[in-house]
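Asks: Below you'll find the structure I mean.
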Amino acid sequence: QVRLVESGGGLVQTGGSLRLSCAASGSTFTINVMGWYRQAPGKQRELVATISRLGTMYYADSVKGRFTISRDNAKNTVYLQMNSLNPEDTAVYYCNVQRITDSYWGQGTQVTVSS
């Protein structure tokens, strides 16, 4: 079992920045990919960014150049630095970790960008 605790969401104006954190605990030694997804009201959950244990990163086209994902394997923590935020980034952001046989989700953290 893996437990995920997210933090860092909030309200920010257009053009502002936020940094999300997600700390994993429990059986973390087999975690491979860590990532962030988001779900806006009335929309499906979508992938934002992922990072493998070796540091291979993937970004959705909508956030490339604005968001940066990173991880600290020693702390079992993944971060999402979000810059140049706009109202279209408003959503609940969920942390996700993947192991060979299963995956886990965080409880979600609200990000609201005002115009």
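Letters for chains follow the order of the structure tokens (A, B, ...), residue numbers begin at 1 for each chain, and ligand numbers begin at 1 in the order shown.
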Just want the 12 Å neighbourhood of Ser62 of chain A, counted on only C-alpha atoms, with same-chain residues fewer than 2 positions away dropped. Output as number ranges by chain.
Replies: A: 38, 46-49, 58-60, 64-67, 82, 84-86, 88-89
Asks: Calculated over only C-alpha atoms, which of the candidates A:Gly9, A:Pro41, A:Gly35, A:Gly55 has the smallest distance to Val113 of chain A?
Replies: A:Gly9
Asks: As a ChimeraX atom specification, please: the residues near Trp105 of chain A (cut-off 10 Å, only C-alpha atoms, same-chain neighbours under 4 positions excluded).
Replies: /A:2-6,35-37,94-98
Asks: Excluding Leu80 of chain A and its own-chain neighbours fewer than 6 positions away, which residues fall within 6 Å of it when counting only C-alpha atoms? Please give them as a list of chain:residue names.
Replies: A:Arg19, A:Leu20, A:Thr68, A:Ile69
Asks: Closest to Arg99 of chain A among A:Ala74, A:Leu18, A:Met34, A:Leu54, using only C-alpha atoms?
Replies: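 Nearest to Arg99 of chain A: A:Met34.
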Asks: Could you check the closest approach to Ser21 of chain A for each of A:Tyr79, A:Tyr93, A:Val63, A:Thr112 and tell me which residue wins, using only C-alpha atoms?
Replies: A:Tyr79
Asks: Quote the spacing between atom CA of Ala23 of chain A and atom CA of Gln1 of chain A in Å to one decimal place.
Replies: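 Computed distance, atom CA of Ala23 of chain A to atom CA of Gln1 of chain A, equals 13.7 Å.
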Asks: To one decimal place in Å, what is the distance between atom CA of Lys43 of chain A and atom CA of Thr101 of chain A?
Replies: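 Between these atoms lies a distance of 27.6 Å.
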Asks: In Å, how far is it from atom CA of Val92 of chain A to atom CA of Asn32 of chain A?
Replies: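 Atom CA of Asn32 of chain A lies 23.2 Å from atom CA of Val92 of chain A.
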